Amino acid sequence: MKLLLIQPKLPESFWSFSWAFQKIARDKRSPISPLGLATLAALTPATWDIRIIDENVEPIDWDVEANVVGISGMAVQFPRQREIAARFRERGCHVVVGGPYASLCPEEYSDVADTVVAGEAEYTWPRFCKDFEIGLPNALYRETGNVELTDTPIPRHDLLPLHHYQSVAIQFSRGCPFRCEFCDIIVVFGRKPRAKSLGQVERELDLLRRMGVRNVFFIDDNLIGHLPRCRELLDFLDEYQKRHEYRFIFGAETSANVASHPELLAQLRRANFQWVFIGIETPSRDSLLETKKEQNTRLDALLAVRRVYAHGIDVYASFVVGFDADDATIFDRQFEFIVESGIVVASVGLLLALPRTPLYERLQRDGRLKSFDDAGHRLWNNLLGTNIVPLGMTDEELLNGFQSLLLRLAADRVLADRILNKLNRLGAIPISFDQPTLVTVTYLARFLLHGLIIGGPRRWYHMARSFRPTLRRPRLIPFVLMNWVQGLAIRSFVQQHSKLLERQRRITHQISPARHRLENVLYSSARPS
Ligand code: SF4
C-alpha cells in the first residue's frame, strides 16, 4: 500500500512570517512542522509506504503513485483541502480527509472525499487502514470518546524535512478546562486535559535530539490545562535539559493564568522556555465575560504579561475585536494595550463563529450569522471578514477600525515603542536562538540590508532608539534583533493584507473608483510610517 499524506498550504497570516523566511532565514520555509500527519504516519501499518508532503514547504507532486491520499486541514485550509481532495479523487486515489475542520463538519466533504476521519485518529485510523486493506473502507470514522494519550505512538518526525521548519511541533496534552465561547478546541478535544507519560516525552525528545533539532514548540491547546501534570513535565524537562546541556529551546501555548503561578514561571524558565503564547483576546472585561473567558479577568492582563517578562520569557498573544460588548472605542483600547504591554508578536483578528461552537449556536439562534458561501469561503481567514453580524457597530465600522488598528500597530515608531516597553520589564535575559556563527553572520547581513538599510532614515532612527537599552545590557542585542525580524515580518503581512482588504471592500460594496481614491487618501494617515 502506498499512502500520501498532505498538509495543504496555509493562507498568509500573522503566523506565516513569510518576510522573515524570504529575506532573512532563507533555509526555513514554515514556522511549525505538521505534527498531525507525523502522528498519523506512526499509526499506519509498518508494511505501508508513506510519504508526507507539506505544501507550505514543497509543492505537491500530483503524479505520485498512491492508493490512499490523506489530507489534513484547519478551517482556514478548508478551500485548499477540498481542491486537493477533488484533484486526487479524479485520479482514482482513495481520498481521506481529517483534521480539526473535518472533525467539526464531516458533511462538508461528502462530494470530494471517500472517507472522513473525524476527531482524534489514534483508534480510528488503524481501523480504516485494516478496512482498506480488505477493500471495505467506510465513509466516516468518528471518534466519539476520548483517546488515552498514553496510547499514542512517537510521531514519524523522520518523514519530515525538519531543517525547513523554524520549530518542530510536539504535544504533551490535549484538552483545556476552560470554556471560551468561540473555542473549537474544547468541542473536538473536550475540557478534561489528558496527557502523555513522561517516558513518551523523553523518547520523543531523544529522537529529535538525534535528528539535530533545537527549537521545539509544545502545541498543546493549553500546556498548563492540568497544573499538577504540567509541573511534573516541567520538572522532568528541567532535569532532561541539564542532562543534555540545554539542547532544546522551547515555546508553548498557555492560558493567561500562568502569570498567577510564579513558581510555574520559574519552572518554565529553568526548562529553557523562550516564549509562551497567550490568548489575551481583549482588554475589555465586558467582552471577556461575554465570551466566558473568566480566567483572563482574575488578573490584570498588563500585570500578567509583565510577570512573564520578569522571568525572561517572551509573550506572543492573540487579540480579537468584534465581541458584542465592543463598540468603536475598542480599537484604541486594543492599540494602547498592545503598545503598553510591549507584545510584538500580536495576532489581531475579527471574532469568527466556527460551526459547532457555543458562539455559533448562540448567534444562529439570534439570527446573527452570515453565510460563508456568500464570500466564497474567503472569510475562513478571519482577517478579511467575519460571519458574525456585529452588535456594537456596523460591518463597515468593524472592518475599517480593524484595518486601521493593524496599520497603526505596524508602524516602525510603534514597533520600537513596543520593544522598549518590553525591554523595560525584562528580568532575566531571554534565551536566544542558538545557531552556528556562520548562520548568525549571514542572517545579520541580510537583516542589515532588508530590515535596516531598505527601511530608510525613519526606521534607522526608531531602530537606534530601540537598541539604546542594549548599551547597558549588550546580551539583549540578539533578542532585540529577533523582535525586529518578527515585527517586520508582521508589518509586511499587514501591508499585503491591507491591499487585499481594500480590494475586497471595493468588490463587496462596489465602491466607485473616485470614492475609493478618496478613502485611500483618508486611510493613508493611518499607514505605517
Ligand atoms: S483557554 Fe484557549 S484552549 Fe482553553 S477554552 Fe479558552 S480559547 Fe480554548
# chains A, B, ... in the order shown; residues from 1 in each chain; ligands from 1

call {"tool": "residues_near_ligand", "arguments": {"ligand": "ligand 1", "cutoff": "9 Å", "atoms": "only C-alpha atoms and all ligand atoms", "output": "ChimeraX atom specification"}}
result
/A:175-186,191,220-222,225,253-256,278-279,292-293,295-296

call {"tool": "closest_atom_pairs", "arguments": {"of": "stretch 443-470 of chain A", "to": "stretch 417-435 of chain A", "cutoff": "9 Å", "atoms": "only C-alpha atoms", "output": "JSON lines"}}
result
{"residue": "A:His462", "atom": "CA", "partner": "A:Asp417", "partner_atom": "CA", "distance": 8.5}
{"residue": "A:Arg465", "atom": "CA", "partner": "A:Leu420", "partner_atom": "CA", "distance": 8.2}
{"residue": "A:Ser466", "atom": "CA", "partner": "A:Leu420", "partner_atom": "CA", "distance": 5.6}
{"residue": "A:Phe467", "atom": "CA", "partner": "A:Leu420", "partner_atom": "CA", "distance": 8.2}
{"residue": "A:Arg468", "atom": "CA", "partner": "A:Leu420", "partner_atom": "CA", "distance": 8.7}
{"residue": "A:Pro469", "atom": "CA", "partner": "A:Leu423", "partner_atom": "CA", "distance": 7.5}

call {"tool": "write_last_selection", "arguments": {"atoms": "all heavy atoms", "output": "compact mmCIF listing (two decimals), in the first residue's frame"}}
result
# COMPACT_ATOMS: atom_id res chain seq x y z
N HIS A 462 14.26 54.91 14.55
CA HIS A 462 13.47 54.15 15.52
C HIS A 462 14.20 52.88 15.97
O HIS A 462 14.11 52.48 17.13
CB HIS A 462 12.09 53.81 14.95
CG HIS A 462 11.21 55.02 14.82
ND1 HIS A 462 10.89 55.80 15.91
CD2 HIS A 462 10.63 55.59 13.75
CE1 HIS A 462 10.13 56.81 15.50
NE2 HIS A 462 9.96 56.70 14.20
N ARG A 465 16.75 53.85 18.50
CA ARG A 465 16.06 54.11 19.77
C ARG A 465 15.82 52.81 20.54
O ARG A 465 16.07 52.70 21.73
CB ARG A 465 14.68 54.72 19.43
CG ARG A 465 14.30 55.92 20.20
CD ARG A 465 13.16 56.68 19.58
NE ARG A 465 12.08 55.98 18.94
CZ ARG A 465 10.97 55.53 19.52
NH1 ARG A 465 10.80 55.67 20.80
NH2 ARG A 465 10.03 54.95 18.81
N SER A 466 15.38 51.78 19.80
CA SER A 466 15.02 50.53 20.48
C SER A 466 16.24 49.78 20.97
O SER A 466 16.14 48.93 21.86
CB SER A 466 14.20 49.64 19.54
OG SER A 466 15.01 49.16 18.50
N PHE A 467 17.40 50.07 20.38
CA PHE A 467 18.63 49.37 20.81
C PHE A 467 19.32 50.08 21.97
O PHE A 467 20.28 49.56 22.52
CB PHE A 467 19.62 49.24 19.64
CG PHE A 467 19.37 48.01 18.80
CD1 PHE A 467 18.56 48.06 17.68
CD2 PHE A 467 19.94 46.79 19.14
CE1 PHE A 467 18.31 46.93 16.91
CE2 PHE A 467 19.70 45.65 18.39
CZ PHE A 467 18.89 45.72 17.27
N ARG A 468 18.83 51.26 22.35
CA ARG A 468 19.52 52.02 23.39
C ARG A 468 19.74 51.22 24.69
O ARG A 468 20.84 51.23 25.23
CB ARG A 468 18.77 53.33 23.67
CG ARG A 468 19.72 54.44 24.13
CD ARG A 468 19.00 55.79 24.24
NE ARG A 468 18.53 56.28 22.96
CZ ARG A 468 17.37 56.95 22.79
NH1 ARG A 468 16.59 57.19 23.81
NH2 ARG A 468 17.03 57.38 21.61
N PRO A 469 18.74 50.48 25.18
CA PRO A 469 18.96 49.72 26.43
C PRO A 469 20.08 48.68 26.32
O PRO A 469 20.61 48.24 27.33
CB PRO A 469 17.61 49.03 26.68
CG PRO A 469 16.62 49.82 25.92
CD PRO A 469 17.34 50.34 24.72

call {"tool": "select_by_dssp", "arguments": {"residues": "stretch 171-404 of chain A", "states": "alpha helix (DSSP H)", "output": "PyMOL selection string"}}
result
chain A and resi 185-189+198-210+227-243+262-270+285-290+301-310+330-341+358-365+395-404

call {"tool": "select_by_dssp", "arguments": {"residues": "stretch 228-398 of chain A", "states": "strand (DSSP E)", "output": "mmCIF file with C-alpha atoms, in the first residue's frame"}}
result
data_model
loop_
_atom_site.group_PDB
_atom_site.id
_atom_site.type_symbol
_atom_site.label_atom_id
_atom_site.label_comp_id
_atom_site.auth_asym_id
_atom_site.auth_seq_id
_atom_site.Cartn_x
_atom_site.Cartn_y
_atom_site.Cartn_z
ATOM 1 C CA ILE A 249 14.693 25.857 23.230
ATOM 2 C CA PHE A 250 11.004 25.520 23.958
ATOM 3 C CA GLY A 251 7.845 27.505 23.274
ATOM 4 C CA ALA A 252 4.264 26.718 24.343
ATOM 5 C CA GLU A 253 0.659 27.848 24.388
ATOM 6 C CA THR A 254 -0.691 28.546 27.861
ATOM 7 C CA PHE A 273 11.233 28.106 27.530
ATOM 8 C CA GLN A 274 11.925 31.103 25.306
ATOM 9 C CA TRP A 275 8.325 32.244 24.833
ATOM 10 C CA VAL A 276 4.715 31.481 25.661
ATOM 11 C CA PHE A 277 1.691 32.189 23.509
ATOM 12 C CA ILE A 278 -1.289 33.525 25.478
ATOM 13 C CA GLY A 279 -4.835 34.124 24.252
ATOM 14 C CA ILE A 280 -5.309 37.573 25.803
ATOM 15 C CA GLU A 281 -8.067 38.440 23.288
ATOM 16 C CA ASP A 314 8.762 36.492 25.811
ATOM 17 C CA VAL A 315 4.993 36.709 25.276
ATOM 18 C CA TYR A 316 3.226 36.156 21.952
ATOM 19 C CA ALA A 317 -0.511 36.780 22.061
ATOM 20 C CA SER A 318 -3.783 36.779 20.181
ATOM 21 C CA PHE A 319 -6.316 39.601 20.228
ATOM 22 C CA VAL A 320 -9.885 39.678 18.960
ATOM 23 C CA VAL A 321 -12.214 42.515 18.002
ATOM 24 C CA ALA A 346 0.434 40.228 18.438
ATOM 25 C CA SER A 347 -2.051 38.438 16.225
ATOM 26 C CA VAL A 348 -5.193 40.533 15.896
ATOM 27 C CA GLY A 349 -8.293 39.008 14.279
ATOM 28 C CA LEU A 350 -12.009 39.509 13.896
#

call {"tool": "residues_around", "arguments": {"residues": "stretch 364-368 of chain A", "least_positions_apart": "6", "cutoff": "10 Å", "atoms": "only C-alpha atoms", "output": "list in words"}}
result
Ala353, Pro355, Pro358, Asn387, Ile388, Val389, Pro390 and Leu391 of chain A

call {"tool": "write_last_selection", "arguments": {"atoms": "N, CA and C atoms", "output": "PDB file, in the first residue's frame"}}
result
ATOM      1  N   ALA A 353     -17.300  32.899  14.120  1.00  0.00           N
ATOM      2  CA  ALA A 353     -18.037  31.801  14.769  1.00  0.00           C
ATOM      3  C   ALA A 353     -17.816  30.523  13.978  1.00  0.00           C
ATOM      4  N   PRO A 355     -18.420  26.611  13.178  1.00  0.00           N
ATOM      5  CA  PRO A 355     -19.546  25.703  13.395  1.00  0.00           C
ATOM      6  C   PRO A 355     -19.332  24.822  14.624  1.00  0.00           C
ATOM      7  N   PRO A 358     -20.185  26.970  20.920  1.00  0.00           N
ATOM      8  CA  PRO A 358     -21.321  27.624  21.597  1.00  0.00           C
ATOM      9  C   PRO A 358     -21.625  28.994  21.008  1.00  0.00           C
ATOM     10  N   ASN A 387     -18.185  36.026   9.795  1.00  0.00           N
ATOM     11  CA  ASN A 387     -19.541  35.530   9.523  1.00  0.00           C
ATOM     12  C   ASN A 387     -20.534  36.016  10.576  1.00  0.00           C
ATOM     13  N   ILE A 388     -20.066  36.960  11.421  1.00  0.00           N
ATOM     14  CA  ILE A 388     -20.933  37.452  12.509  1.00  0.00           C
ATOM     15  C   ILE A 388     -21.482  38.836  12.162  1.00  0.00           C
ATOM     16  N   VAL A 389     -22.758  39.045  12.408  1.00  0.00           N
ATOM     17  CA  VAL A 389     -23.318  40.395  12.291  1.00  0.00           C
ATOM     18  C   VAL A 389     -23.000  41.115  13.602  1.00  0.00           C
ATOM     19  N   PRO A 390     -22.137  42.147  13.563  1.00  0.00           N
ATOM     20  CA  PRO A 390     -21.727  42.769  14.831  1.00  0.00           C
ATOM     21  C   PRO A 390     -22.882  43.510  15.503  1.00  0.00           C
ATOM     22  N   LEU A 391     -22.727  43.693  16.817  1.00  0.00           N
ATOM     23  CA  LEU A 391     -23.807  44.319  17.582  1.00  0.00           C
ATOM     24  C   LEU A 391     -23.504  45.783  17.906  1.00  0.00           C
TER      25      LEU A 391
END

call {"tool": "residues_around", "arguments": {"residues": "A:Ile24", "least_positions_apart": "2", "cutoff": "7 Å", "atoms": "only C-alpha atoms", "output": "PyMOL selection string"}}
result
chain A and resi 20-22+26+443+446-447

call {"tool": "write_last_selection", "arguments": {"atoms": "N, CA, C and O atoms", "output": "short mmCIF file (atom, residue, chain, number, x, y, z; two decimals), in the first residue's frame"}}
result
data_model
loop_
_atom_site.label_atom_id
_atom_site.label_comp_id
_atom_site.auth_asym_id
_atom_site.auth_seq_id
_atom_site.Cartn_x
_atom_site.Cartn_y
_atom_site.Cartn_z
N ALA A 20 10.29 37.02 6.88
CA ALA A 20 11.49 36.52 7.58
C ALA A 20 12.09 35.33 6.84
O ALA A 20 13.31 35.22 6.72
N PHE A 21 11.24 34.45 6.30
CA PHE A 21 11.77 33.27 5.62
C PHE A 21 12.29 33.62 4.22
O PHE A 21 13.20 32.97 3.72
N GLN A 22 11.70 34.64 3.60
CA GLN A 22 12.17 35.00 2.25
C GLN A 22 13.43 35.87 2.30
O GLN A 22 14.31 35.76 1.45
N ARG A 26 16.54 32.13 5.06
CA ARG A 26 16.07 31.55 3.79
C ARG A 26 16.10 30.03 3.78
O ARG A 26 15.53 29.41 2.89
N TYR A 443 22.54 35.77 8.61
CA TYR A 443 21.24 36.36 8.95
C TYR A 443 21.39 37.85 9.24
O TYR A 443 20.59 38.68 8.83
N ARG A 446 21.86 39.90 6.12
CA ARG A 446 20.59 40.04 5.38
C ARG A 446 19.66 41.01 6.10
O ARG A 446 18.95 41.79 5.48
N PHE A 447 19.68 40.94 7.44
CA PHE A 447 18.83 41.85 8.20
C PHE A 447 19.26 43.31 7.97
O PHE A 447 18.42 44.19 7.79
#
